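Encoded as structure tokens, the structure appears first; notes follow it.
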Amino acid sequence: MFTGIVEEVGAVVSINRGRESMVLSIEGPKVVSDVHLGDSISVNGVCLTVTGFSKNTFTVDVMPETVKASTIHQLKVGSKVNLERAMSANGRFGGHFVSGHIDGTGTIRSTQQKENAIYIYIEMDPSLMPYFILKGSVSVDGTSLTIFDVEESAIMISLIPQTVEESVLGKKRVGDLVNIECDMIAKYIHRFVQPAASAKKKGVDEAFLQKYGFMN
């Protein structure tokens with residue numbers, strides 16, 4: 001579990017590509033300062049398991065499904081990445097619940113500087129849109145952000161100078177792909193209300209009430 005508060009910007013130092021999988025070595029002195037084998041580290045919002053490490057770098061395996069579902073396949077040696085260690089139980093919770101399980105990717109449609117903020121519109125598959133609400137949360141490349149506009153197939157986020165300076169998002173350009181993780185709570189709520197919505201259409205009967213625990 002992560003918070004979406006980027007701890008440092010690391011860099012890819014080596015890539016070993018399989019037919020559909022990848023092994024990455026990433027430089028990140030801060031996140032490896034207390035790392036152990038098997039720990040989880042968020043790399044551009046993707047939860048990956050540490051399989052090896054040295055003083056300044058760590059190694060992760062990326063399975064085919066993750067390569068296909070995220071922007072990891074676009075990384076090159078030298079690429080900058082957002083890094084965050086898994087949330088500690090005694091730490092402050094500065095962002096929102098982020099699992100590191102990517103729901104899809106989005107494409108930056110436009111960027112606009114407005115005083116100290118950068119507005120970014122991100123286009124994505126319409127199937128993800130039910131999970132976004134105005135002033136809700138979203139993880140973009142592992143960064144916890146607030147949604148300031150919701151369209152039919154796009155959302156708008158705003159970057160403050162701190163986020164621009166301390167994450168890779170400030171370097172993104174129009175046309176770039178980003179990893180999207182929808183708010184976990186929104187996904188659970190959507191899942192729970194679907195049976196109720198179906199029941200409303202069909203009518204609530206005794207079988208429905210028994211199925212969902214309302215009757216013995």
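Here, A, B, ... name the chains of the structure tokens in the order displayed, residue numbers run from 1 inside each chain, and ligands are numbered from 1 in the same displayed order.
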
Sorted per-residue table, region 141-189 of chain A near region 59-72 of chain A, closest atoms and distance, 7 Å, only C-alpha atoms, as a Markdown table:
```
| residue | atom | partner | partner_atom | distance |
| --- | --- | --- | --- | --- |
| A:Leu177 | CA | A:Thr71 | CA | 6.7 |
| A:Val178 | CA | A:Thr71 | CA | 6.5 |
| A:Asn179 | CA | A:Ser70 | CA | 5.9 |
```

Set out as JSON lines a contact list for region 61-161 of chain A and region 45-49 of chain A with a cut-off of 6 Å, giving each residue of region 61-161 of chain A that qualifies its closest atom pair and distance in Å to one decimal, counting only C-alpha atoms, ordered by chain and rising residue number.
```
{"residue": "A:Gly100", "atom": "CA", "partner": "A:Cys47", "partner_atom": "CA", "distance": 4.3}
{"residue": "A:Asp141", "atom": "CA", "partner": "A:Gly45", "partner_atom": "CA", "distance": 4.7}
{"residue": "A:Gly142", "atom": "CA", "partner": "A:Gly45", "partner_atom": "CA", "distance": 3.3}
```

Residues just named, written with C-alpha atoms as a PDB file, in the first residue's frame:
```
ATOM      1  CA  GLY A 100       0.159   0.262  -7.105  1.00  0.00           C
ATOM      2  CA  ASP A 141       2.420   7.873 -12.426  1.00  0.00           C
ATOM      3  CA  GLY A 142       2.217   7.122  -8.708  1.00  0.00           C
TER       4      GLY A 142
END
```

(request) With a distance cut-off of 8 Å and only C-alpha atoms, select the neighbouring residues of Gly136 (chain A), excluding the residue or stretch itself and same-chain residues fewer than 2 positions from it, and output the selection as a ChimeraX atom specification. (result) /A:132-134,138,146-147,183

Would you export the selected residues with N, CA and C atoms as an mmCIF file, in the first residue's frame, please?
```
data_model
loop_
_atom_site.group_PDB
_atom_site.id
_atom_site.type_symbol
_atom_site.label_atom_id
_atom_site.label_comp_id
_atom_site.auth_asym_id
_atom_site.auth_seq_id
_atom_site.Cartn_x
_atom_site.Cartn_y
_atom_site.Cartn_z
ATOM 1 N N PHE A 132 -14.176 8.519 -11.332
ATOM 2 C CA PHE A 132 -13.666 9.862 -11.092
ATOM 3 C C PHE A 132 -14.787 10.817 -10.720
ATOM 4 N N ILE A 133 -14.553 11.638 -9.714
ATOM 5 C CA ILE A 133 -15.487 12.688 -9.346
ATOM 6 C C ILE A 133 -14.709 13.987 -9.138
ATOM 7 N N LEU A 134 -15.407 15.090 -9.277
ATOM 8 C CA LEU A 134 -14.795 16.396 -9.040
ATOM 9 C C LEU A 134 -14.296 16.480 -7.601
ATOM 10 N N VAL A 138 -6.872 10.744 -7.643
ATOM 11 C CA VAL A 138 -6.372 9.859 -8.690
ATOM 12 C C VAL A 138 -4.862 9.758 -8.525
ATOM 13 N N THR A 146 -5.469 15.662 -7.005
ATOM 14 C CA THR A 146 -6.887 15.988 -6.928
ATOM 15 C C THR A 146 -7.434 16.267 -8.328
ATOM 16 N N ILE A 147 -8.638 15.797 -8.584
ATOM 17 C CA ILE A 147 -9.283 15.987 -9.885
ATOM 18 C C ILE A 147 -10.059 17.300 -9.863
ATOM 19 N N ASP A 183 -9.224 5.806 -7.786
ATOM 20 C CA ASP A 183 -9.355 5.768 -6.341
ATOM 21 C C ASP A 183 -9.928 4.416 -5.902
#
```

(message) So that I can check the surroundings of Leu169 (chain A), please list as a PyMOL selection string every protein, DNA and RNA residue that reaches within 10 Å of it, counting only C-alpha atoms and ignoring chain neighbours fewer than 4 positions away.
(response) chain A and resi 44+81-82+120+140-143+159+163-165+173+178

Deliver the residues from the most recent selection as a file, using N, CA, C and O atoms, as a PDB file, in the first residue's frame.
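The file below, out_35.pdb, is the result:
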```pdb
ATOM      1  N   ASN A  44       6.756   4.707 -10.852  1.00  0.00           N
ATOM      2  CA  ASN A  44       5.745   5.380 -11.686  1.00  0.00           C
ATOM      3  C   ASN A  44       4.347   4.834 -11.414  1.00  0.00           C
ATOM      4  O   ASN A  44       3.531   4.666 -12.324  1.00  0.00           O
ATOM      5  N   VAL A  81      12.046   8.123 -13.101  1.00  0.00           N
ATOM      6  CA  VAL A  81      10.838   7.472 -12.595  1.00  0.00           C
ATOM      7  C   VAL A  81      10.522   7.961 -11.182  1.00  0.00           C
ATOM      8  O   VAL A  81      11.422   8.251 -10.392  1.00  0.00           O
ATOM      9  N   ASN A  82       9.221   8.043 -10.883  1.00  0.00           N
ATOM     10  CA  ASN A  82       8.784   8.350  -9.521  1.00  0.00           C
ATOM     11  C   ASN A  82       8.941   7.110  -8.650  1.00  0.00           C
ATOM     12  O   ASN A  82       8.541   6.010  -9.062  1.00  0.00           O
ATOM     13  N   ILE A 120      -3.325  20.049 -16.392  1.00  0.00           N
ATOM     14  CA  ILE A 120      -3.073  18.973 -17.353  1.00  0.00           C
ATOM     15  C   ILE A 120      -4.357  18.187 -17.580  1.00  0.00           C
ATOM     16  O   ILE A 120      -4.970  17.686 -16.628  1.00  0.00           O
ATOM     17  N   VAL A 140      -1.536   9.410 -10.671  1.00  0.00           N
ATOM     18  CA  VAL A 140      -0.977   9.542 -12.018  1.00  0.00           C
ATOM     19  C   VAL A 140       0.527   9.325 -11.933  1.00  0.00           C
ATOM     20  O   VAL A 140       1.235  10.095 -11.278  1.00  0.00           O
ATOM     21  N   ASP A 141       1.006   8.265 -12.552  1.00  0.00           N
ATOM     22  CA  ASP A 141       2.420   7.873 -12.426  1.00  0.00           C
ATOM     23  C   ASP A 141       2.840   7.794 -10.961  1.00  0.00           C
ATOM     24  O   ASP A 141       3.955   8.153 -10.582  1.00  0.00           O
ATOM     25  N   GLY A 142       1.904   7.320 -10.116  1.00  0.00           N
ATOM     26  CA  GLY A 142       2.217   7.122  -8.708  1.00  0.00           C
ATOM     27  C   GLY A 142       2.116   8.354  -7.850  1.00  0.00           C
ATOM     28  O   GLY A 142       2.419   8.314  -6.657  1.00  0.00           O
ATOM     29  N   THR A 143       1.667   9.470  -8.418  1.00  0.00           N
ATOM     30  CA  THR A 143       1.521  10.724  -7.672  1.00  0.00           C
ATOM     31  C   THR A 143       0.057  10.947  -7.321  1.00  0.00           C
ATOM     32  O   THR A 143      -0.807  10.945  -8.193  1.00  0.00           O
ATOM     33  N   LEU A 159      -0.873  20.689 -11.116  1.00  0.00           N
ATOM     34  CA  LEU A 159       0.400  20.462 -10.430  1.00  0.00           C
ATOM     35  C   LEU A 159       0.874  21.747  -9.772  1.00  0.00           C
ATOM     36  O   LEU A 159       0.929  22.799 -10.407  1.00  0.00           O
ATOM     37  N   THR A 163       5.223  19.590  -6.782  1.00  0.00           N
ATOM     38  CA  THR A 163       5.018  18.367  -7.559  1.00  0.00           C
ATOM     39  C   THR A 163       5.809  18.412  -8.860  1.00  0.00           C
ATOM     40  O   THR A 163       6.366  17.397  -9.299  1.00  0.00           O
ATOM     41  N   VAL A 164       5.864  19.567  -9.483  1.00  0.00           N
ATOM     42  CA  VAL A 164       6.649  19.732 -10.712  1.00  0.00           C
ATOM     43  C   VAL A 164       8.114  19.439 -10.450  1.00  0.00           C
ATOM     44  O   VAL A 164       8.792  18.767 -11.237  1.00  0.00           O
ATOM     45  N   GLU A 165       8.609  19.918  -9.312  1.00  0.00           N
ATOM     46  CA  GLU A 165      10.033  19.789  -8.983  1.00  0.00           C
ATOM     47  C   GLU A 165      10.398  18.389  -8.511  1.00  0.00           C
ATOM     48  O   GLU A 165      11.482  17.884  -8.811  1.00  0.00           O
ATOM     49  N   ARG A 173       4.982  15.856 -21.504  1.00  0.00           N
ATOM     50  CA  ARG A 173       4.551  16.720 -22.596  1.00  0.00           C
ATOM     51  C   ARG A 173       3.272  16.177 -23.237  1.00  0.00           C
ATOM     52  O   ARG A 173       2.885  15.042 -23.011  1.00  0.00           O
ATOM     53  N   VAL A 178       0.752   8.158 -19.425  1.00  0.00           N
ATOM     54  CA  VAL A 178       0.936   8.113 -17.973  1.00  0.00           C
ATOM     55  C   VAL A 178       0.134   6.951 -17.407  1.00  0.00           C
ATOM     56  O   VAL A 178      -0.891   6.544 -17.970  1.00  0.00           O
TER      57      VAL A 178
END
```

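Minimum atom-to-atom distances from A:Lys211, A:Arg109, A:Lys135, A:Arg85 to Asp39 (chain A) were compared using only C-alpha atoms, and the lowest value belongs to A:Arg85.
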
(message) Using Å and a single decimal, report how far CA of Glu181 (chain A) sits from CA of Tyr121 (chain A).
(response) 15.5 Å

Running DSSP on the backbone, which parts of region 6-143 of chain A land in strand (DSSP E or B), as a CSV table (one decimal) with N, CA and C atoms, in the first residue's frame?
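Written file, part_4.csv:
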```csv
chain,number,residue,atom,x,y,z
A,8,GLU,N,11.3,10.2,-4.1
A,8,GLU,CA,12.4,10.7,-4.9
A,8,GLU,C,12.2,10.3,-6.4
A,9,VAL,N,12.9,11.0,-7.2
A,9,VAL,CA,12.9,10.7,-8.6
A,9,VAL,C,14.2,9.9,-8.9
A,10,GLY,N,14.0,8.6,-9.3
A,10,GLY,CA,15.1,7.7,-9.6
A,10,GLY,C,15.4,7.7,-11.1
A,11,ALA,N,16.3,6.8,-11.5
A,11,ALA,CA,16.7,6.7,-12.9
A,11,ALA,C,16.9,5.2,-13.2
A,12,VAL,N,16.5,4.8,-14.4
A,12,VAL,CA,16.7,3.4,-14.9
A,12,VAL,C,18.2,3.3,-15.3
A,13,VAL,N,18.9,2.3,-14.7
A,13,VAL,CA,20.3,2.1,-15.0
A,13,VAL,C,20.5,0.9,-16.0
A,14,SER,N,19.6,0.0,-16.0
A,14,SER,CA,19.7,-1.1,-16.9
A,14,SER,C,18.4,-1.8,-17.1
A,15,ILE,N,18.2,-2.4,-18.3
A,15,ILE,CA,17.0,-3.1,-18.7
A,15,ILE,C,17.3,-4.4,-19.4
A,16,ASN,N,16.8,-5.5,-18.8
A,16,ASN,CA,16.9,-6.8,-19.5
A,16,ASN,C,15.5,-7.2,-20.0
A,17,ARG,N,15.3,-7.2,-21.3
A,17,ARG,CA,14.0,-7.5,-21.8
A,17,ARG,C,13.9,-8.9,-22.2
A,22,MET,N,10.3,-8.0,-18.3
A,22,MET,CA,11.4,-7.1,-18.2
A,22,MET,C,12.1,-7.3,-16.8
A,23,VAL,N,13.3,-7.0,-16.7
A,23,VAL,CA,14.0,-6.9,-15.4
A,23,VAL,C,14.7,-5.5,-15.4
A,24,LEU,N,14.3,-4.7,-14.4
A,24,LEU,CA,14.8,-3.3,-14.3
A,24,LEU,C,15.8,-3.2,-13.2
A,25,SER,N,16.8,-2.4,-13.4
A,25,SER,CA,17.7,-2.0,-12.3
A,25,SER,C,17.5,-0.5,-12.2
A,26,ILE,N,17.2,0.0,-11.0
A,26,ILE,CA,16.9,1.4,-10.9
A,26,ILE,C,17.7,2.1,-9.7
A,27,GLU,N,18.2,3.3,-10.0
A,27,GLU,CA,18.9,4.0,-9.0
A,27,GLU,C,18.0,4.8,-8.2
A,40,SER,N,8.1,-3.9,-1.4
A,40,SER,CA,7.4,-3.3,-2.5
A,40,SER,C,7.9,-1.9,-2.7
A,41,ILE,N,8.1,-1.5,-3.9
A,41,ILE,CA,8.4,-0.1,-4.3
A,41,ILE,C,7.6,0.3,-5.5
A,42,SER,N,7.0,1.4,-5.4
A,42,SER,CA,6.2,2.0,-6.5
A,42,SER,C,7.1,2.7,-7.5
A,43,VAL,N,7.0,2.2,-8.7
A,43,VAL,CA,7.8,2.8,-9.8
A,43,VAL,C,6.8,3.4,-10.8
A,46,VAL,N,3.5,1.8,-10.3
A,46,VAL,CA,3.4,0.4,-10.4
A,46,VAL,C,4.1,-0.3,-9.2
A,47,CYS,N,3.4,-1.1,-8.5
A,47,CYS,CA,3.9,-1.8,-7.4
A,47,CYS,C,4.8,-2.9,-7.9
A,48,LEU,N,6.1,-2.9,-7.6
A,48,LEU,CA,7.0,-3.9,-8.0
A,48,LEU,C,7.8,-4.4,-6.8
A,49,THR,N,8.2,-5.7,-6.8
A,49,THR,CA,8.9,-6.4,-5.7
A,49,THR,C,10.4,-6.3,-5.9
A,50,VAL,N,11.1,-6.0,-4.9
A,50,VAL,CA,12.6,-5.9,-4.9
A,50,VAL,C,13.2,-7.3,-4.9
A,51,THR,N,13.9,-7.6,-5.9
A,51,THR,CA,14.6,-9.0,-6.0
A,51,THR,C,16.1,-8.9,-5.8
A,52,GLY,N,16.6,-7.7,-5.7
A,52,GLY,CA,18.0,-7.5,-5.5
A,52,GLY,C,18.3,-6.0,-5.2
A,53,PHE,N,19.4,-5.7,-4.6
A,53,PHE,CA,19.7,-4.3,-4.3
A,53,PHE,C,21.2,-4.1,-4.0
A,57,THR,N,21.1,1.2,-5.8
A,57,THR,CA,20.2,0.6,-6.8
A,57,THR,C,19.4,-0.5,-6.3
A,58,PHE,N,18.3,-0.8,-7.0
A,58,PHE,CA,17.5,-2.0,-6.7
A,58,PHE,C,17.0,-2.6,-8.0
A,59,THR,N,16.7,-3.9,-8.0
A,59,THR,CA,16.3,-4.7,-9.1
A,59,THR,C,14.9,-5.2,-8.9
A,60,VAL,N,14.1,-5.1,-10.0
A,60,VAL,CA,12.7,-5.7,-10.0
A,60,VAL,C,12.4,-6.5,-11.2
A,61,ASP,N,11.6,-7.5,-11.1
A,61,ASP,CA,11.0,-8.2,-12.2
A,61,ASP,C,9.7,-7.6,-12.6
A,62,VAL,N,9.5,-7.5,-13.9
A,62,VAL,CA,8.2,-7.0,-14.3
A,62,VAL,C,7.5,-8.0,-15.2
A,80,LYS,N,13.7,8.8,-16.2
A,80,LYS,CA,13.4,9.2,-14.8
A,80,LYS,C,12.1,8.6,-14.4
A,81,VAL,N,12.0,8.1,-13.1
A,81,VAL,CA,10.8,7.5,-12.6
A,81,VAL,C,10.5,8.0,-11.2
A,82,ASN,N,9.2,8.0,-10.9
A,82,ASN,CA,8.8,8.3,-9.5
A,82,ASN,C,8.9,7.1,-8.6
A,83,LEU,N,9.5,7.3,-7.5
A,83,LEU,CA,9.7,6.2,-6.5
A,83,LEU,C,9.1,6.5,-5.2
A,84,GLU,N,8.4,5.4,-4.6
A,84,GLU,CA,7.9,5.5,-3.3
A,84,GLU,C,7.9,4.1,-2.6
A,85,ARG,N,8.5,4.1,-1.4
A,85,ARG,CA,8.4,2.9,-0.6
A,85,ARG,C,7.0,2.6,-0.1
A,98,VAL,N,-3.3,4.1,-2.3
A,98,VAL,CA,-2.8,3.8,-3.6
A,98,VAL,C,-2.2,2.4,-3.5
A,104,GLY,N,-5.1,1.5,-15.9
A,104,GLY,CA,-5.0,1.7,-17.3
A,104,GLY,C,-4.0,2.9,-17.6
A,105,THR,N,-3.9,3.3,-18.8
A,105,THR,CA,-3.0,4.4,-19.1
A,105,THR,C,-3.8,5.6,-19.7
A,106,GLY,N,-3.3,6.7,-19.6
A,106,GLY,CA,-3.9,7.9,-20.2
A,106,GLY,C,-2.9,8.7,-21.0
A,107,THR,N,-3.4,9.5,-21.9
A,107,THR,CA,-2.6,10.3,-22.8
A,107,THR,C,-2.8,11.8,-22.4
A,108,ILE,N,-1.7,12.5,-22.2
A,108,ILE,CA,-1.8,13.9,-22.0
A,108,ILE,C,-2.3,14.7,-23.2
A,109,ARG,N,-3.4,15.3,-23.1
A,109,ARG,CA,-4.0,16.0,-24.2
A,109,ARG,C,-3.6,17.5,-24.3
A,110,SER,N,-3.4,18.1,-23.1
A,110,SER,CA,-3.0,19.5,-23.1
A,110,SER,C,-2.4,19.9,-21.8
A,111,THR,N,-1.6,20.9,-21.7
A,111,THR,CA,-1.0,21.5,-20.5
A,111,THR,C,-1.2,23.0,-20.6
A,112,GLN,N,-1.4,23.6,-19.5
A,112,GLN,CA,-1.5,25.1,-19.4
A,112,GLN,C,-1.0,25.6,-18.1
A,113,GLN,N,-0.1,26.6,-18.2
A,113,GLN,CA,0.5,27.2,-17.0
A,113,GLN,C,-0.5,28.3,-16.6
A,114,LYS,N,-0.9,28.3,-15.3
A,114,LYS,CA,-1.8,29.3,-14.8
A,114,LYS,C,-1.2,29.8,-13.4
A,117,ALA,N,0.4,27.2,-11.0
A,117,ALA,CA,-0.1,25.8,-11.3
A,117,ALA,C,0.0,25.5,-12.8
A,118,ILE,N,0.1,24.2,-13.0
A,118,ILE,CA,0.1,23.6,-14.4
A,118,ILE,C,-1.1,22.7,-14.5
A,119,TYR,N,-2.1,23.1,-15.3
A,119,TYR,CA,-3.3,22.3,-15.6
A,119,TYR,C,-3.0,21.3,-16.7
A,120,ILE,N,-3.3,20.0,-16.4
A,120,ILE,CA,-3.1,19.0,-17.4
A,120,ILE,C,-4.4,18.2,-17.6
A,121,TYR,N,-4.8,18.1,-18.8
A,121,TYR,CA,-5.9,17.2,-19.2
A,121,TYR,C,-5.4,15.9,-19.7
A,122,ILE,N,-6.0,14.8,-19.2
A,122,ILE,CA,-5.5,13.5,-19.5
A,122,ILE,C,-6.7,12.7,-20.1
A,123,GLU,N,-6.5,12.2,-21.4
A,123,GLU,CA,-7.5,11.4,-22.0
A,123,GLU,C,-7.3,9.9,-21.7
A,124,MET,N,-8.4,9.2,-21.5
A,124,MET,CA,-8.3,7.8,-21.2
A,124,MET,C,-9.5,7.0,-21.6
A,137,SER,N,-9.8,11.9,-5.9
A,137,SER,CA,-8.4,11.5,-5.9
A,137,SER,C,-8.1,10.6,-7.1
A,138,VAL,N,-6.9,10.7,-7.6
A,138,VAL,CA,-6.4,9.9,-8.7
A,138,VAL,C,-4.9,9.8,-8.5
A,139,SER,N,-4.3,8.6,-8.9
A,139,SER,CA,-2.9,8.4,-8.9
A,139,SER,C,-2.4,8.5,-10.3
A,140,VAL,N,-1.5,9.4,-10.7
A,140,VAL,CA,-1.0,9.5,-12.0
A,140,VAL,C,0.5,9.3,-11.9
A,143,THR,N,1.7,9.5,-8.4
A,143,THR,CA,1.5,10.7,-7.7
A,143,THR,C,0.1,10.9,-7.3
```

(message) Using only C-alpha atoms, which protein or nucleic acid residues come within 10 Å of Ile185 (chain A)? Drop anything in the same chain fewer than 2 positions from it, and give the result as a ChimeraX atom specification.
(response) /A:96-98,131,137,182-183,187-191

(request) Based on DSSP run over this structure's backbone, return all residues of region 10-214 of chain A in helix (DSSP H, G or I), as a ChimeraX atom specification. (result) /A:64-69,72-74,126-131,161-166,168-171,184-202,206-211

(request) Go ahead and compute the interatomic distance for CA of His36 (chain A) and CA of Met1 (chain A), in Å to one decimal. (result) 16.1 Å
